[in-house]
Amino acid sequence: MQAKEFKVKWGMAIDIDKCTGCGACMVACQAENNLSPIEDASNKIKVMNWLVVYELSNKKPFPEHDVAYLPRPCQQCGTPPCVSVCPVIATDKNEEGGIVSQIYPRCIGCRYCMAACPYHARYFNWLDPVWPEGMEKALTPDVSVRPRGVVEKCSFCHHRFMMAKDKAIVEGRDPEALADGEYVTSCTEACPNGAIVFGDLNNPDHQVYELARSKYASRLLERLHADTQVYYISRREWVRRQLDNYLDNEKVKG
Amino acid sequence: MEKNYSLPADHDLFPEGAQRCSLMKFTVWMGLVGVVAVWGLYAAYKVLSTGLGVTALDDYFGFGLWITFDLAVIALGAGAFFTGLLRYILNIDPLKNIINLTVIVGFICYSGAMLILVLDVGQPVRAWFGYWHANVHSMLTEVIFCITCYLIVLIIEYVPLILEQKQLNRIPLLHHIAHNLHVMMPLFAGVGAFLSTFHQGSLGGMYGVLFARPYVFRDGFFVWPWTFFLFVISAVGSGPVFTVLIATLMEKMTGKKLVSWDIKSLMGKIAGSMLFVYLIFKFMDTYGWIAHILPNAGLTYDQNFYGNIYGQWLLWAELGVCGVLPCIILLVPSLRNNPALFYSAAILDCIGVTINRYVFTVQALAMPVMPFDTWETYAPNWAEWGSSALVVAYGAIVLSLSYRYLPVFPQEKKLNATKA
């Protein structure tokens, strides 16, 4: 399959060695994108989190034991496994900087896209979203609240992209050539260590351009050829080995 | 004429020359089935009114019991289209003695599957979007089109049987409609075989195209992954014997002979032959999966199994005990003509195809693809069991009413007269 390419390709470079697993990105994402709390948040596979921080371990005993944290937003694949399977074109990979979209009013809730995604990046609204009293006043007005029965996912805070483009148009600039930092996701903004860098992967003026091409950068499950737009950076070989299913006899890159 | 009070109160509605149990006994049976149906209706009501949160499904297992159940009953209901194909297109005449039952079983399986799908989709009111916003690249789109069209074909095939009910058939118009529909049946059998082949295949294709799920992903033949063909052949390798098992169950419950042994044996031979073809391709497919697909994904064979719940035993049960073994029994005449062995083989065959649909649905999702991810387990809860039981109860009701009032079994009168 050929990856879909666009002039602008929004992507992320996440430095795993800088991530402390604090979870600020998850909280920021939750608040920014109107993710409703659920009654039993201890049920981690029914709870709403567009971005999840995974804990990785080298599985060695102390003192060689080492851990790493891997924030996982939607990987915005170049060849998204989810898009081709959706029977109603509720999800698509389009010109919007290569962000995989999700049209909530069209989704029929068949969850075929969830079965297709190996990253578990898609979430289903199992129940009606309920907002604790007062909390509904803090909802982000630019993000639609999803009803029960549809699939949702990280959109790289697409509403921020729209706002950045609008601003550029009003100021008479080219909305296809936004400056570095003009459009960033809420998780990028919230990360206290600057572990998440966001920008146009095709624009050499953006910091992410260089980071994605670093010899320590690799993508999750690269060998499945989903051509994701999220790059992970780590100088630790065991971490890079865990990003893809490396067989014991295979040499990791970088 | 004097009334015969020893006959059941509704005997005027029975097929010509057929004997049935008393209305009271029938009502008690329907009441028992009705209790299960009411439980299922309550489960369905909870799902529709509260949302899928009441089920045990989660973000790992978007597909669970319902999809397994759907795939299994649709495979087992394949007796309808395949027997129709053999009877009307290839002119295997003896199959006329079981074709009515295959149509009813097919209708129950397909309409039951659609009932479950209504519960399974998060937005049932938007189900028609599958036609309106159809994505031609999605195998599920093909399933949506074929399954609904084929259900219409099954209804068209079922209608003449209903019109042949003794009292209805006395009305000249209905009699003529039934007769003319019968004349046109080869056309519908052909259309049904075409539609059913494609949607059985697309159900398999649905999994085969999941390139990011190495447990089920398969390379393709043109636009179709291998699973497309495997699902079709496995369905026709089990559907015919499932119909025979239903007929035999009805015989046990009613105490009457309904289908002669030679017809059952013929159905077994047909299923055995298709199962043989299926197993050749399935073993080749399994080898290709282990030797190419898994290494390409950086996975080893052992990584596809976990503990007892997702253990290798499922694979060997499917291929060996429920594959090779029933295939041998169904193909060797001396073994096939031993009823105990024949029915055991038929049951194993049906279990095998169900295991296949289960592992494709549940184990494929349970298996971690990201190296740092973990195996998850899934067990359906009462809401899923209840609504699945609703479909079984619905099937029992349709079958019971059809048997009591419709001329389903052409051999019934003769077989039971001989017995008497």
# chains A, B, ... in the order shown; residues from 1 in each chain; ligands from 1

call {"tool": "interface_residues", "arguments": {"of": "chain A", "to": "chain B", "cutoff": "7 Å", "atoms": "only C-alpha atoms", "output": "number ranges by chain"}}
result
A: 45-46, 56, 81, 84-89, 108-111, 114-119, 123-124, 126-127, 148-150, 221, 223-224, 242-247

call {"tool": "residues_around", "arguments": {"residues": "Pro192 of chain A", "least_positions_apart": "2", "cutoff": "12 Å", "atoms": "only C-alpha atoms", "output": "list in words"}}
result
Lys18, Cys19, Thr20, Gly21, Cys22, Gly23, Ala24, Cys25, Ala28, Ser186, Cys187, Thr188, Glu189, Ala190, Gly194, Ala195, Ile196 and Val197 of chain A

call {"tool": "closest_residue", "arguments": {"among": "B:Ala366, B:Leu181, B:Leu266, B:Ile99", "to": "Tyr215 of chain B", "atoms": "only C-alpha atoms"}}
result
B:Ala366

call {"tool": "select_by_dssp", "arguments": {"residues": "segment 3-222 of chain A", "states": "strand (DSSP E or B)", "output": "PyMOL selection string"}}
result
chain A and resi 10-15+52-57+67-72+91-93+100-102+122-124+151-153+196-200+217-218

call {"tool": "write_last_selection", "arguments": {"atoms": "N, CA, C and O atoms", "output": "CSV table (one decimal), in the first residue's frame"}}
result
chain,number,residue,atom,x,y,z
A,10,TRP,N,1.5,17.0,9.5
A,10,TRP,CA,1.7,17.3,10.9
A,10,TRP,C,2.1,16.0,11.7
A,10,TRP,O,1.6,15.0,11.4
A,11,GLY,N,3.1,16.2,12.5
A,11,GLY,CA,3.6,15.0,13.2
A,11,GLY,C,4.2,15.4,14.5
A,11,GLY,O,4.4,16.6,14.9
A,12,MET,N,4.6,14.4,15.2
A,12,MET,CA,5.2,14.5,16.6
A,12,MET,C,6.5,13.8,16.7
A,12,MET,O,6.7,12.8,16.1
A,13,ALA,N,7.4,14.4,17.5
A,13,ALA,CA,8.6,13.7,17.9
A,13,ALA,C,8.5,13.6,19.4
A,13,ALA,O,8.5,14.7,20.1
A,14,ILE,N,8.5,12.5,20.0
A,14,ILE,CA,8.4,12.3,21.4
A,14,ILE,C,9.7,11.7,22.0
A,14,ILE,O,10.1,10.6,21.6
A,15,ASP,N,10.4,12.5,22.8
A,15,ASP,CA,11.6,12.0,23.3
A,15,ASP,C,11.4,11.2,24.6
A,15,ASP,O,11.0,11.7,25.7
A,52,VAL,N,-2.5,7.8,26.0
A,52,VAL,CA,-2.2,6.9,27.1
A,52,VAL,C,-0.6,6.8,27.3
A,52,VAL,O,0.1,6.8,26.3
A,53,VAL,N,-0.2,6.9,28.5
A,53,VAL,CA,1.3,6.7,28.8
A,53,VAL,C,1.5,5.3,29.2
A,53,VAL,O,1.1,4.9,30.2
A,54,TYR,N,2.3,4.6,28.4
A,54,TYR,CA,2.6,3.2,28.7
A,54,TYR,C,3.9,3.2,29.5
A,54,TYR,O,4.8,4.0,29.2
A,55,GLU,N,4.1,2.2,30.4
A,55,GLU,CA,5.3,2.0,31.1
A,55,GLU,C,6.1,0.9,30.4
A,55,GLU,O,5.5,-0.2,30.3
A,56,LEU,N,7.3,1.1,30.1
A,56,LEU,CA,8.1,0.1,29.4
A,56,LEU,C,9.2,-0.3,30.5
A,56,LEU,O,9.7,0.5,31.2
A,57,SER,N,9.6,-1.6,30.4
A,57,SER,CA,10.6,-2.0,31.3
A,57,SER,C,11.6,-2.9,30.6
A,57,SER,O,11.2,-3.6,29.6
A,67,VAL,N,13.4,1.7,33.4
A,67,VAL,CA,12.0,1.9,32.9
A,67,VAL,C,12.0,3.1,32.0
A,67,VAL,O,12.9,4.0,32.0
A,68,ALA,N,11.0,3.1,31.1
A,68,ALA,CA,10.8,4.3,30.2
A,68,ALA,C,9.3,4.5,30.1
A,68,ALA,O,8.5,3.6,30.4
A,69,TYR,N,8.9,5.7,29.7
A,69,TYR,CA,7.5,6.0,29.6
A,69,TYR,C,7.2,6.4,28.1
A,69,TYR,O,8.0,7.2,27.6
A,70,LEU,N,6.2,5.9,27.6
A,70,LEU,CA,5.9,6.1,26.2
A,70,LEU,C,4.4,6.7,26.0
A,70,LEU,O,3.5,5.9,26.1
A,71,PRO,N,4.3,8.0,25.8
A,71,PRO,CA,3.0,8.5,25.5
A,71,PRO,C,2.5,8.1,24.2
A,71,PRO,O,3.3,8.2,23.2
A,72,ARG,N,1.3,7.7,24.1
A,72,ARG,CA,0.8,7.2,22.8
A,72,ARG,C,-0.5,7.9,22.4
A,72,ARG,O,-1.6,7.5,22.8
A,91,THR,N,-14.3,7.8,9.0
A,91,THR,CA,-12.9,8.2,9.2
A,91,THR,C,-12.1,8.3,7.9
A,91,THR,O,-12.4,7.5,7.0
A,92,ASP,N,-11.2,9.3,7.8
A,92,ASP,CA,-10.6,9.5,6.5
A,92,ASP,C,-9.2,10.1,6.8
A,92,ASP,O,-9.0,10.8,7.8
A,93,LYS,N,-8.3,9.9,5.8
A,93,LYS,CA,-7.0,10.6,5.8
A,93,LYS,C,-7.1,11.6,4.7
A,93,LYS,O,-7.3,11.3,3.6
A,100,VAL,N,-5.7,11.9,10.5
A,100,VAL,CA,-6.8,11.0,10.3
A,100,VAL,C,-8.0,11.6,11.1
A,100,VAL,O,-8.0,11.7,12.3
A,101,SER,N,-9.1,11.9,10.3
A,101,SER,CA,-10.2,12.5,10.9
A,101,SER,C,-11.2,11.5,11.4
A,101,SER,O,-11.1,10.3,11.1
A,102,GLN,N,-12.2,12.0,12.1
A,102,GLN,CA,-13.3,11.1,12.6
A,102,GLN,C,-14.5,11.9,12.6
A,102,GLN,O,-14.6,12.9,13.4
A,122,ARG,N,-8.1,4.0,19.4
A,122,ARG,CA,-9.5,4.4,19.2
A,122,ARG,C,-10.4,4.0,20.3
A,122,ARG,O,-10.2,2.9,20.9
A,123,TYR,N,-11.3,4.8,20.7
A,123,TYR,CA,-12.1,4.6,21.9
A,123,TYR,C,-13.6,4.7,21.5
A,123,TYR,O,-14.0,5.5,20.7
A,124,PHE,N,-14.3,3.8,22.2
A,124,PHE,CA,-15.8,3.8,21.9
A,124,PHE,C,-16.5,4.4,23.1
A,124,PHE,O,-16.1,4.3,24.3
A,151,VAL,N,-17.3,5.9,17.8
A,151,VAL,CA,-15.9,5.8,18.1
A,151,VAL,C,-15.2,7.2,18.0
A,151,VAL,O,-15.5,8.0,17.1
A,152,GLU,N,-14.3,7.4,18.9
A,152,GLU,CA,-13.5,8.7,18.9
A,152,GLU,C,-12.0,8.4,19.0
A,152,GLU,O,-11.6,7.3,19.4
A,153,LYS,N,-11.3,9.5,18.8
A,153,LYS,CA,-9.8,9.3,18.9
A,153,LYS,C,-9.1,10.7,18.9
A,153,LYS,O,-9.8,11.7,18.5
A,196,ILE,N,7.6,16.4,24.2
A,196,ILE,CA,6.8,16.3,22.9
A,196,ILE,C,7.0,17.5,22.1
A,196,ILE,O,6.9,18.6,22.5
A,197,VAL,N,7.5,17.3,20.8
A,197,VAL,CA,7.6,18.4,19.9
A,197,VAL,C,6.7,18.1,18.7
A,197,VAL,O,6.6,17.0,18.2
A,198,PHE,N,6.0,19.2,18.3
A,198,PHE,CA,5.0,19.0,17.3
A,198,PHE,C,5.2,20.0,16.2
A,198,PHE,O,5.6,21.1,16.4
A,199,GLY,N,5.0,19.6,15.0
A,199,GLY,CA,5.1,20.5,13.8
A,199,GLY,C,4.9,19.8,12.5
A,199,GLY,O,4.4,18.7,12.4
A,200,ASP,N,5.3,20.5,11.4
A,200,ASP,CA,5.2,20.0,10.1
A,200,ASP,C,6.4,19.1,9.7
A,200,ASP,O,7.5,19.6,9.6
A,217,ALA,N,15.6,8.1,16.2
A,217,ALA,CA,14.1,8.2,16.0
A,217,ALA,C,13.6,6.9,15.3
A,217,ALA,O,14.2,6.4,14.4
A,218,SER,N,12.6,6.4,15.8
A,218,SER,CA,11.9,5.3,15.1
A,218,SER,C,10.4,5.3,15.4
A,218,SER,O,10.0,6.1,16.3

call {"tool": "atom_distance", "arguments": {"atom1": "atom CA of Leu178 of chain A", "atom2": "atom CA of Ile233 of chain A"}}
result
24.3 Å

call {"tool": "residues_around", "arguments": {"residues": "segment 313-324 of chain B", "least_positions_apart": "5", "cutoff": "9 Å", "atoms": "only C-alpha atoms", "output": "PyMOL selection string"}}
result
chain B and resi 275-276+279+282-283+308+329+345+347-356+359

call {"tool": "write_last_selection", "arguments": {"atoms": "C-alpha atoms", "output": "PDB file, in the first residue's frame"}}
result
ATOM      1  CA  LEU B 275     -14.458 -29.887   4.525  1.00  0.00           C
ATOM      2  CA  PHE B 276     -11.716 -31.864   2.799  1.00  0.00           C
ATOM      3  CA  LEU B 279      -8.665 -28.449   5.220  1.00  0.00           C
ATOM      4  CA  LYS B 282      -6.440 -24.258   5.755  1.00  0.00           C
ATOM      5  CA  PHE B 283      -3.275 -26.283   6.368  1.00  0.00           C
ATOM      6  CA  ASN B 308      -5.189 -21.993  28.592  1.00  0.00           C
ATOM      7  CA  ILE B 329     -15.778 -39.965   9.125  1.00  0.00           C
ATOM      8  CA  ALA B 345     -18.673 -35.971  13.165  1.00  0.00           C
ATOM      9  CA  ILE B 347     -21.237 -31.996  15.847  1.00  0.00           C
ATOM     10  CA  LEU B 348     -17.413 -31.790  15.736  1.00  0.00           C
ATOM     11  CA  ASP B 349     -17.568 -30.162  12.312  1.00  0.00           C
ATOM     12  CA  CYS B 350     -19.906 -27.452  13.636  1.00  0.00           C
ATOM     13  CA  ILE B 351     -17.752 -26.939  16.744  1.00  0.00           C
ATOM     14  CA  GLY B 352     -14.682 -26.593  14.516  1.00  0.00           C
ATOM     15  CA  VAL B 353     -16.120 -23.795  12.438  1.00  0.00           C
ATOM     16  CA  THR B 354     -17.308 -22.060  15.614  1.00  0.00           C
ATOM     17  CA  ILE B 355     -13.806 -22.240  17.130  1.00  0.00           C
ATOM     18  CA  ASN B 356     -12.445 -20.771  13.899  1.00  0.00           C
ATOM     19  CA  VAL B 359     -10.335 -17.204  17.474  1.00  0.00           C
TER      20      VAL B 359
END

call {"tool": "select_by_dssp", "arguments": {"residues": "segment 145-292 of chain B", "states": "helix (DSSP H, G or I)", "output": "number ranges by chain"}}
result
B: 145-163, 168-170, 172-208, 226-236, 239-254, 261-292

call {"tool": "residues_around", "arguments": {"residues": "Asp302 of chain B", "least_positions_apart": "5", "cutoff": "10 Å", "atoms": "only C-alpha atoms", "output": "list of chain:residue names"}}
result
B:Ile290, B:Gly311, B:Gln312

call {"tool": "write_last_selection", "arguments": {"atoms": "N, CA and C atoms", "output": "compact mmCIF listing (two decimals), in the first residue's frame"}}
result
# COMPACT_ATOMS: atom_id res chain seq x y z
N ILE B 290 2.54 -19.11 9.55
CA ILE B 290 3.66 -19.32 10.47
C ILE B 290 4.98 -18.97 9.79
N GLY B 311 -4.89 -20.81 24.35
CA GLY B 311 -3.82 -21.77 24.12
C GLY B 311 -3.84 -22.39 22.73
N GLN B 312 -2.72 -23.09 22.45
CA GLN B 312 -2.59 -23.78 21.16
C GLN B 312 -3.65 -24.84 20.97

call {"tool": "closest_residue", "arguments": {"among": "A:Ala31, A:Ile169, A:Cys82, A:Val8", "to": "Leu201 of chain A", "atoms": "only C-alpha atoms"}}
result
A:Val8

call {"tool": "atom_distance", "arguments": {"atom1": "atom CA of Leu335 of chain B", "atom2": "atom CA of Phe242 of chain B"}}
result
18.2 Å

call {"tool": "residues_around", "arguments": {"residues": "Lys256 of chain B", "least_positions_apart": "2", "cutoff": "10 Å", "atoms": "only C-alpha atoms", "output": "ChimeraX atom specification"}}
result
/B:19-20,248,250-254,258-259,412-413,415-416,419

call {"tool": "closest_residue", "arguments": {"among": "A:Val252, A:Ala177, A:Val170, A:Met26", "to": "Asn202 of chain A", "atoms": "only C-alpha atoms"}}
result
A:Ala177

call {"tool": "closest_residue", "arguments": {"among": "B:Leu174, B:Met185, B:Cys327, B:Met114", "to": "Glu157 of chain B", "atoms": "only C-alpha atoms"}}
result
B:Met185

call {"tool": "decode", "arguments": {"residues": "segment 195-234 of chain B", "atoms": "C-alpha atoms", "output": "PDB file, in the first residue's frame"}}
result
ATOM      1  CA  LEU B 195     -24.906 -13.071  -2.647  1.00  0.00           C
ATOM      2  CA  SER B 196     -24.181 -15.556   0.088  1.00  0.00           C
ATOM      3  CA  THR B 197     -20.832 -16.574  -1.368  1.00  0.00           C
ATOM      4  CA  PHE B 198     -19.708 -12.983  -1.433  1.00  0.00           C
ATOM      5  CA  HIS B 199     -20.855 -12.070   2.005  1.00  0.00           C
ATOM      6  CA  GLN B 200     -19.561 -15.288   3.583  1.00  0.00           C
ATOM      7  CA  GLY B 201     -16.296 -14.416   1.901  1.00  0.00           C
ATOM      8  CA  SER B 202     -16.378 -10.800   2.966  1.00  0.00           C
ATOM      9  CA  LEU B 203     -16.864 -11.830   6.581  1.00  0.00           C
ATOM     10  CA  GLY B 204     -13.563 -13.648   6.263  1.00  0.00           C
ATOM     11  CA  GLY B 205     -12.094 -10.852   4.203  1.00  0.00           C
ATOM     12  CA  MET B 206     -12.946  -8.418   6.998  1.00  0.00           C
ATOM     13  CA  TYR B 207     -10.266 -10.045   9.128  1.00  0.00           C
ATOM     14  CA  GLY B 208      -7.809 -10.829   6.370  1.00  0.00           C
ATOM     15  CA  VAL B 209      -7.371  -7.151   5.481  1.00  0.00           C
ATOM     16  CA  LEU B 210      -6.412  -6.126   9.020  1.00  0.00           C
ATOM     17  CA  PHE B 211      -2.765  -5.686   8.079  1.00  0.00           C
ATOM     18  CA  ALA B 212      -1.913  -4.409  11.535  1.00  0.00           C
ATOM     19  CA  ARG B 213      -3.245  -7.585  13.214  1.00  0.00           C
ATOM     20  CA  PRO B 214      -0.837 -10.375  12.251  1.00  0.00           C
ATOM     21  CA  TYR B 215      -2.994 -13.034  13.888  1.00  0.00           C
ATOM     22  CA  VAL B 216      -5.603 -12.685  11.146  1.00  0.00           C
ATOM     23  CA  PHE B 217      -3.911 -10.768   8.342  1.00  0.00           C
ATOM     24  CA  ARG B 218      -3.450 -12.712   5.123  1.00  0.00           C
ATOM     25  CA  ASP B 219      -1.961 -11.752   1.783  1.00  0.00           C
ATOM     26  CA  GLY B 220      -4.363 -11.632  -1.045  1.00  0.00           C
ATOM     27  CA  PHE B 221      -5.589 -12.923  -4.313  1.00  0.00           C
ATOM     28  CA  PHE B 222      -6.489  -9.763  -6.256  1.00  0.00           C
ATOM     29  CA  VAL B 223      -8.550  -7.679  -3.826  1.00  0.00           C
ATOM     30  CA  TRP B 224      -9.379 -10.639  -1.613  1.00  0.00           C
ATOM     31  CA  PRO B 225      -7.275 -11.989   1.231  1.00  0.00           C
ATOM     32  CA  TRP B 226      -7.130 -15.792   1.608  1.00  0.00           C
ATOM     33  CA  THR B 227      -9.530 -15.651   4.512  1.00  0.00           C
ATOM     34  CA  PHE B 228     -12.231 -14.645   2.026  1.00  0.00           C
ATOM     35  CA  PHE B 229     -12.099 -18.088   0.411  1.00  0.00           C
ATOM     36  CA  LEU B 230     -11.441 -19.972   3.634  1.00  0.00           C
ATOM     37  CA  PHE B 231     -14.607 -18.592   5.199  1.00  0.00           C
ATOM     38  CA  VAL B 232     -16.738 -19.548   2.202  1.00  0.00           C
ATOM     39  CA  ILE B 233     -15.423 -23.098   2.014  1.00  0.00           C
ATOM     40  CA  SER B 234     -15.548 -23.698   5.751  1.00  0.00           C
TER      41      SER B 234
END
